[in-house]
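To keep things clear, I will list the structure first and then write my remarks on it.
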Amino acid sequence: MTTTIDQYAVMGHPIAHSQSPRIHTLFAAQTGQALEYRAILVEPGGFTAAARAFRAAGGKGLNVTVPFKQDAWVFADILSARAERAGAVNTLIFEPGGVRGDNTDGPGLVRDLTVNHGGSLAGQRILLLGAGGAARGVLQPLLAERPAHLVIANRTAEKALGLAVRFSDLGRVAACGFAELAGRQFDLIINATAAGLEDTVPPLPEGVLADGGWCYDLMYGREPTAFVLWGQEQGAARSLDGLGMLVEQAAEAFHLWRSVWPETGPVIAALRDLSYAKSGSKITGFAPTGDS
Ligand code: ATR
């Protein structure tokens, strides 16, 4: 009799740079779970067929990254409330009765901030920069922490307004353009824009970060990101990149599949070592959307 090992994968385009196989393989070894996890390159337009084929071959679950998170949202039979809100799915759980879809990006961010770094979001003034898929994916879990209020600021202010309306029943959410931030202060500024891809920072007014405030960039890289450096220049008490979020969103997915929580600290440390090792392979990416 042959034993089949439970199969998982991440699907995206591109995918070769994904850290997910490394992360989940470390989680499996650490928790003694017998599973295999690989990266699958899927051509644009091919997600549904690829996910169906993976499931038909006995696959137990998938992670989904750029550009297929909306396709996965449509593909799922049942959505978690947070995935429904996010309009995007990054984790699929294949169950006998159907396909469950979830989005672990936001919980990953919140866990990194609160558990790994000991922060509290309750009662805080939060500024979320950006109004694209990355911002939308983290809004519901952020608001669930009951901040005093959350302002979404975006280069295109109307997009921020659209998001604020969409999430307004979950807490105090407002929206504006960057210029309108003058004279305002925040305890936590989260960068969910793609400005870092151009190594730039959104144009923020001086003094927008409150004394003792934190900065968090959803991006991470081998070197400190432009936004992490900006936070340091502003005197942030913590100026963090998104590597912890990347590992935490993976841990949430691992738990959904295996009902076991892996320890994330050693895995974050292993990836951080790799990312800063001079001879190591370079890792750079966008935690929520790039899974890189
Ligand atoms: P993602 O899924 O990564 O969020 P997206 O949906 O294309 O990608 O959204 C990119 C976000 O980064 C948007 O908020 C975009 O602002 P606009 O809505 O005005 O386009 C923002 N962004 C991209 N480049 C930027 C830059 N150089 N400065 C400021 N914001 C930028």
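By order in the structure tokens, chains are A, B, ...; within a chain, residues start at 1; ligands start at 1, following the order shown.
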Could you list, with a cut-off of 9 Å and counting only C-alpha atoms and all ligand atoms, the residues of chain A near ligand 1, each shown with its nearest atom pair and the distance in Å rounded to one decimal, rows sorted by chain and ascending number, as a Markdown table?
| residue | atom | partner | partner_atom_place_in_ligand_line | distance |
| --- | --- | --- | --- | --- |
| A:Val66 | CA | ligand 1 | 2 (O) | 8.1 |
| A:Pro67 | CA | ligand 1 | 2 (O) | 8.7 |
| A:Leu129 | CA | ligand 1 | 14 (O) | 7.2 |
| A:Gly130 | CA | ligand 1 | 14 (O) | 3.5 |
| A:Ala131 | CA | ligand 1 | 14 (O) | 3.9 |
| A:Gly132 | CA | ligand 1 | 6 (O) | 3.3 |
| A:Gly133 | CA | ligand 1 | 2 (O) | 3.6 |
| A:Ala134 | CA | ligand 1 | 4 (O) | 3.8 |
| A:Ala135 | CA | ligand 1 | 4 (O) | 5.9 |
| A:Arg136 | CA | ligand 1 | 4 (O) | 7.7 |
| A:Gly137 | CA | ligand 1 | 4 (O) | 8.6 |
| A:Ala153 | CA | ligand 1 | 14 (O) | 8.4 |
| A:Asn154 | CA | ligand 1 | 14 (O) | 5.5 |
| A:Arg155 | CA | ligand 1 | 19 (O) | 3.9 |
| A:Thr156 | CA | ligand 1 | 19 (O) | 3.8 |
| A:Ala157 | CA | ligand 1 | 19 (O) | 7.2 |
| A:Glu158 | CA | ligand 1 | 18 (O) | 8.4 |
| A:Lys159 | CA | ligand 1 | 18 (O) | 6.1 |
| A:Ala160 | CA | ligand 1 | 18 (O) | 7.7 |
| A:Phe178 | CA | ligand 1 | 29 (C) | 8.8 |
| A:Asn191 | CA | ligand 1 | 12 (O) | 8.9 |
| A:Ala192 | CA | ligand 1 | 4 (O) | 6.3 |
| A:Thr193 | CA | ligand 1 | 12 (O) | 3.3 |
| A:Ala194 | CA | ligand 1 | 12 (O) | 3.9 |
| A:Ala195 | CA | ligand 1 | 26 (C) | 3.8 |
| A:Gly196 | CA | ligand 1 | 27 (N) | 7.4 |
| A:Leu197 | CA | ligand 1 | 24 (N) | 7.6 |
| A:Glu198 | CA | ligand 1 | 27 (N) | 6.6 |
| A:Asp199 | CA | ligand 1 | 27 (N) | 8.5 |
| A:Thr200 | CA | ligand 1 | 27 (N) | 6.4 |
| A:Val201 | CA | ligand 1 | 28 (N) | 6.4 |
| A:Pro202 | CA | ligand 1 | 29 (C) | 4.5 |
| A:Pro203 | CA | ligand 1 | 29 (C) | 7.4 |
| A:Phe286 | CA | ligand 1 | 3 (O) | 7.4 |
| A:Pro288 | CA | ligand 1 | 3 (O) | 7.7 |
| A:Thr289 | CA | ligand 1 | 3 (O) | 5.7 |
| A:Gly290 | CA | ligand 1 | 3 (O) | 7.7 |
* Within 12 Å of Thr65 (chain A), counting only C-alpha atoms, which residues qualify if same-chain residues fewer than 3 places away don't, as an MDAnalysis selection string? -> chainID A and resid 9:20 39:42 44 47 62 68:73 88:92 103:105 133:134 246 249:250 285:292
* **Who sits within 7 Å of Val151 (chain A), only C-alpha atoms, same chain under 2 positions skipped, as a list in words** =>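 Listed by chain and then number, they are Ile126, Leu127, Leu128, His149, Ala153, Val173, Ala174 and Ala175 of chain A.
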Residues of the last selection are to be written out with N, CA, C and O atoms, as a PDB file, in the first residue's frame.
ATOM      1  N   ILE A 126      -4.841  55.501  13.361  1.00  0.00           N
ATOM      2  CA  ILE A 126      -4.120  54.768  12.310  1.00  0.00           C
ATOM      3  C   ILE A 126      -4.275  55.473  10.968  1.00  0.00           C
ATOM      4  O   ILE A 126      -5.375  55.885  10.593  1.00  0.00           O
ATOM      5  N   LEU A 127      -3.158  55.593  10.260  1.00  0.00           N
ATOM      6  CA  LEU A 127      -3.167  56.116   8.894  1.00  0.00           C
ATOM      7  C   LEU A 127      -2.761  54.984   7.958  1.00  0.00           C
ATOM      8  O   LEU A 127      -1.685  54.401   8.111  1.00  0.00           O
ATOM      9  N   LEU A 128      -3.630  54.663   7.013  1.00  0.00           N
ATOM     10  CA  LEU A 128      -3.341  53.623   6.021  1.00  0.00           C
ATOM     11  C   LEU A 128      -3.098  54.304   4.688  1.00  0.00           C
ATOM     12  O   LEU A 128      -3.978  55.000   4.162  1.00  0.00           O
ATOM     13  N   HIS A 149      -9.591  55.836  15.316  1.00  0.00           N
ATOM     14  CA  HIS A 149     -10.093  56.021  13.966  1.00  0.00           C
ATOM     15  C   HIS A 149      -9.012  55.599  12.983  1.00  0.00           C
ATOM     16  O   HIS A 149      -7.845  55.452  13.351  1.00  0.00           O
ATOM     17  N   ALA A 153      -5.426  57.309   3.185  1.00  0.00           N
ATOM     18  CA  ALA A 153      -4.952  58.391   2.313  1.00  0.00           C
ATOM     19  C   ALA A 153      -4.370  57.779   1.053  1.00  0.00           C
ATOM     20  O   ALA A 153      -3.607  56.806   1.111  1.00  0.00           O
ATOM     21  N   VAL A 173     -13.931  55.239   9.909  1.00  0.00           N
ATOM     22  CA  VAL A 173     -13.020  55.276   8.765  1.00  0.00           C
ATOM     23  C   VAL A 173     -13.261  56.553   7.966  1.00  0.00           C
ATOM     24  O   VAL A 173     -14.410  56.889   7.675  1.00  0.00           O
ATOM     25  N   ALA A 174     -12.187  57.250   7.636  1.00  0.00           N
ATOM     26  CA  ALA A 174     -12.290  58.441   6.792  1.00  0.00           C
ATOM     27  C   ALA A 174     -11.280  58.304   5.657  1.00  0.00           C
ATOM     28  O   ALA A 174     -10.449  57.383   5.663  1.00  0.00           O
ATOM     29  N   ALA A 175     -11.350  59.223   4.693  1.00  0.00           N
ATOM     30  CA  ALA A 175     -10.469  59.134   3.533  1.00  0.00           C
ATOM     31  C   ALA A 175     -10.044  60.519   3.088  1.00  0.00           C
ATOM     32  O   ALA A 175     -10.775  61.490   3.272  1.00  0.00           O
TER      33      ALA A 175
END
* Asked: Smallest atom-to-atom distance to Ala210 (chain A): which of A:Arg125, A:Glu263, A:Phe254, A:Leu143, using only C-alpha atoms?
  -> A:Arg125
* Would you list the contacts of Leu240 (chain A) as a VMD selection string, taking every protein, DNA or RNA residue within 7 Å and counting only C-alpha atoms, but skipping same-chain residues closer than 3 positions in sequence? => chain A and resid 215 to 217 228
Could you save the residues just selected, with all heavy atoms, as an mmCIF file, in the first residue's frame?
data_model
loop_
_atom_site.group_PDB
_atom_site.id
_atom_site.type_symbol
_atom_site.label_atom_id
_atom_site.label_comp_id
_atom_site.auth_asym_id
_atom_site.auth_seq_id
_atom_site.Cartn_x
_atom_site.Cartn_y
_atom_site.Cartn_z
ATOM 1 N N CYS A 215 5.809 53.011 12.386
ATOM 2 C CA CYS A 215 5.606 52.893 10.944
ATOM 3 C C CYS A 215 5.695 51.432 10.545
ATOM 4 O O CYS A 215 6.506 50.672 11.120
ATOM 5 C CB CYS A 215 6.681 53.675 10.184
ATOM 6 S SG CYS A 215 6.464 55.456 10.334
ATOM 7 N N TYR A 216 4.874 51.028 9.581
ATOM 8 C CA TYR A 216 4.894 49.634 9.115
ATOM 9 C C TYR A 216 4.743 49.633 7.606
ATOM 10 O O TYR A 216 3.782 50.161 7.066
ATOM 11 C CB TYR A 216 3.740 48.840 9.749
ATOM 12 C CG TYR A 216 3.921 47.335 9.617
ATOM 13 C CD1 TYR A 216 4.349 46.575 10.708
ATOM 14 C CD2 TYR A 216 3.681 46.680 8.411
ATOM 15 C CE1 TYR A 216 4.537 45.208 10.589
ATOM 16 C CE2 TYR A 216 3.875 45.312 8.295
ATOM 17 C CZ TYR A 216 4.297 44.585 9.383
ATOM 18 O OH TYR A 216 4.490 43.216 9.274
ATOM 19 N N ASP A 217 5.706 49.025 6.931
ATOM 20 C CA ASP A 217 5.658 48.918 5.480
ATOM 21 C C ASP A 217 5.233 47.505 5.110
ATOM 22 O O ASP A 217 5.846 46.535 5.576
ATOM 23 C CB ASP A 217 7.060 49.205 4.906
ATOM 24 C CG ASP A 217 7.031 49.481 3.415
ATOM 25 O OD1 ASP A 217 5.968 49.255 2.785
ATOM 26 O OD2 ASP A 217 8.065 49.919 2.883
ATOM 27 N N VAL A 228 10.535 52.351 5.477
ATOM 28 C CA VAL A 228 11.154 52.049 6.779
ATOM 29 C C VAL A 228 12.189 53.137 7.105
ATOM 30 O O VAL A 228 12.247 53.629 8.242
ATOM 31 C CB VAL A 228 11.793 50.636 6.773
ATOM 32 C CG1 VAL A 228 12.734 50.445 7.962
ATOM 33 C CG2 VAL A 228 10.701 49.565 6.784
#
* **DSSP-assigned strand (DSSP E) members of region 11-135 of chain A, reported as a PyMOL selection string** => chain A and resi 11-12+35-41+61-64+78-79+91-95+98-102+125-129
Residues from the last selection, N, CA, C and O atoms, saved as a compact mmCIF listing (two decimals), in the first residue's frame:
# COMPACT_ATOMS: atom_id res chain seq x y z
N MET A 11 -0.06 29.29 -6.00
CA MET A 11 -0.19 29.58 -7.43
C MET A 11 -0.08 31.08 -7.66
O MET A 11 -0.69 31.87 -6.93
N GLY A 12 0.66 31.47 -8.66
CA GLY A 12 0.81 32.88 -8.99
C GLY A 12 1.50 33.04 -10.32
O GLY A 12 1.84 32.04 -10.99
N LEU A 35 3.58 16.80 4.94
CA LEU A 35 2.96 17.46 3.78
C LEU A 35 4.03 17.91 2.81
O LEU A 35 5.20 18.06 3.16
N GLU A 36 3.61 18.11 1.59
CA GLU A 36 4.50 18.68 0.58
C GLU A 36 3.87 19.96 0.06
O GLU A 36 2.65 20.04 -0.10
N TYR A 37 4.72 20.95 -0.20
CA TYR A 37 4.25 22.28 -0.61
C TYR A 37 5.14 22.77 -1.74
O TYR A 37 6.36 22.81 -1.60
N ARG A 38 4.54 23.12 -2.86
CA ARG A 38 5.36 23.60 -3.98
C ARG A 38 4.76 24.85 -4.60
O ARG A 38 3.62 25.23 -4.29
N ALA A 39 5.54 25.47 -5.45
CA ALA A 39 5.10 26.67 -6.17
C ALA A 39 4.70 26.26 -7.59
O ALA A 39 5.43 25.51 -8.24
N ILE A 40 3.55 26.73 -8.02
CA ILE A 40 3.07 26.40 -9.37
C ILE A 40 2.85 27.69 -10.15
O ILE A 40 2.08 28.57 -9.73
N LEU A 41 3.52 27.78 -11.28
CA LEU A 41 3.33 28.93 -12.17
C LEU A 41 2.06 28.70 -13.00
O LEU A 41 1.92 27.67 -13.64
N GLY A 61 -5.06 22.01 -0.35
CA GLY A 61 -5.25 23.45 -0.20
C GLY A 61 -4.26 24.23 -1.02
O GLY A 61 -3.24 23.70 -1.46
N LEU A 62 -4.57 25.50 -1.21
CA LEU A 62 -3.72 26.37 -2.02
C LEU A 62 -3.54 27.72 -1.35
O LEU A 62 -4.46 28.22 -0.68
N ASN A 63 -2.36 28.30 -1.56
CA ASN A 63 -2.19 29.74 -1.38
C ASN A 63 -2.27 30.35 -2.76
O ASN A 63 -1.88 29.74 -3.76
N VAL A 64 -2.75 31.59 -2.79
CA VAL A 64 -2.96 32.25 -4.07
C VAL A 64 -2.35 33.64 -3.98
O VAL A 64 -2.57 34.36 -3.01
N ILE A 78 -17.39 28.83 -0.33
CA ILE A 78 -17.75 29.48 0.94
C ILE A 78 -16.63 30.45 1.28
O ILE A 78 -15.45 30.07 1.23
N LEU A 79 -17.00 31.68 1.66
CA LEU A 79 -15.98 32.69 2.00
C LEU A 79 -16.05 33.04 3.49
O LEU A 79 -17.16 33.15 4.04
N THR A 91 -6.03 32.10 0.53
CA THR A 91 -5.93 30.72 1.03
C THR A 91 -7.20 29.96 0.67
O THR A 91 -8.30 30.41 0.98
N LEU A 92 -7.03 28.81 0.03
CA LEU A 92 -8.15 27.93 -0.28
C LEU A 92 -7.98 26.64 0.50
O LEU A 92 -6.87 26.09 0.58
N ILE A 93 -9.08 26.19 1.09
CA ILE A 93 -9.08 24.94 1.84
C ILE A 93 -10.02 23.99 1.11
O ILE A 93 -11.21 24.29 0.96
N PHE A 94 -9.48 22.87 0.63
CA PHE A 94 -10.30 21.92 -0.12
C PHE A 94 -10.92 20.92 0.85
O PHE A 94 -10.21 20.11 1.45
N GLU A 95 -12.22 20.99 0.99
CA GLU A 95 -12.93 20.09 1.91
C GLU A 95 -13.86 19.22 1.10
O GLU A 95 -14.24 19.59 -0.02
N GLY A 98 -16.83 21.13 -0.28
CA GLY A 98 -16.63 22.31 -1.12
C GLY A 98 -15.32 23.00 -0.83
O GLY A 98 -14.51 22.53 -0.03
N VAL A 99 -15.13 24.15 -1.48
CA VAL A 99 -13.87 24.89 -1.36
C VAL A 99 -14.11 26.11 -0.49
O VAL A 99 -14.97 26.94 -0.78
N ARG A 100 -13.35 26.19 0.61
CA ARG A 100 -13.46 27.33 1.50
C ARG A 100 -12.38 28.34 1.14
O ARG A 100 -11.23 27.97 0.88
N GLY A 101 -12.76 29.63 1.12
CA GLY A 101 -11.80 30.68 0.80
C GLY A 101 -11.61 31.62 1.97
O GLY A 101 -12.58 32.01 2.63
N ASP A 102 -10.36 31.99 2.24
CA ASP A 102 -10.09 32.90 3.35
C ASP A 102 -9.02 33.90 2.90
O ASP A 102 -8.38 33.72 1.87
N ARG A 125 -4.67 56.04 16.64
CA ARG A 125 -5.00 56.76 15.41
C ARG A 125 -4.16 56.15 14.29
O ARG A 125 -2.94 56.26 14.32
N ILE A 126 -4.84 55.50 13.36
CA ILE A 126 -4.12 54.77 12.31
C ILE A 126 -4.27 55.47 10.97
O ILE A 126 -5.37 55.88 10.59
N LEU A 127 -3.16 55.59 10.26
CA LEU A 127 -3.17 56.12 8.89
C LEU A 127 -2.76 54.98 7.96
O LEU A 127 -1.68 54.40 8.11
N LEU A 128 -3.63 54.66 7.01
CA LEU A 128 -3.34 53.62 6.02
C LEU A 128 -3.10 54.30 4.69
O LEU A 128 -3.98 55.00 4.16
N LEU A 129 -1.89 54.14 4.15
CA LEU A 129 -1.53 54.77 2.87
C LEU A 129 -1.79 53.78 1.74
O LEU A 129 -1.30 52.65 1.77
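Minimum atom-to-atom distances from A:His117, A:Arg166, A:Lys60, A:Arg52 to Arg85 (chain A) were compared using only C-alpha atoms, and the lowest value belongs to A:Arg166.
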* How far is it from CA of Val247 (chain A) to CA of Val115 (chain A), in Å with one decimal? ->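 Separating CA of Val247 (chain A) from CA of Val115 (chain A) is a distance of 12.8 Å.
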* To do: Select, from A:Glu248, A:Asp211, A:Glu43, A:Asp6, the residue with the minimum atom-to-atom distance to Phe186 (chain A), counting only C-alpha atoms.
  => A:Asp211
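With only C-alpha atoms as the atoms that count, the minimum distance from Arg146 (chain A) to the choices A:Val208, A:Leu170, A:Arg55, A:Ala164 is reached by A:Leu170.
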* What lies within 12 Å of Ala28 (chain A) using only C-alpha atoms, ignoring chain neighbours under 4 positions off, as a ChimeraX atom specification? -> /A:5-8,20-24,32-37,250-251,254-255,257-258,260-264,267
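Proximity ranking of A:Gly118, A:Gly171, A:Gly123, A:Gly106 relative to Glu252 (chain A) places A:Gly106 first, based on only C-alpha atoms.
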* To do: Identify all residues of region 21-170 of chain A in alpha helix (DSSP H) (DSSP on the backbone) and supply them as a ChimeraX atom specification.
  => /A:21-31,47-56,69-75,81-86,105-111,133-144,157-167
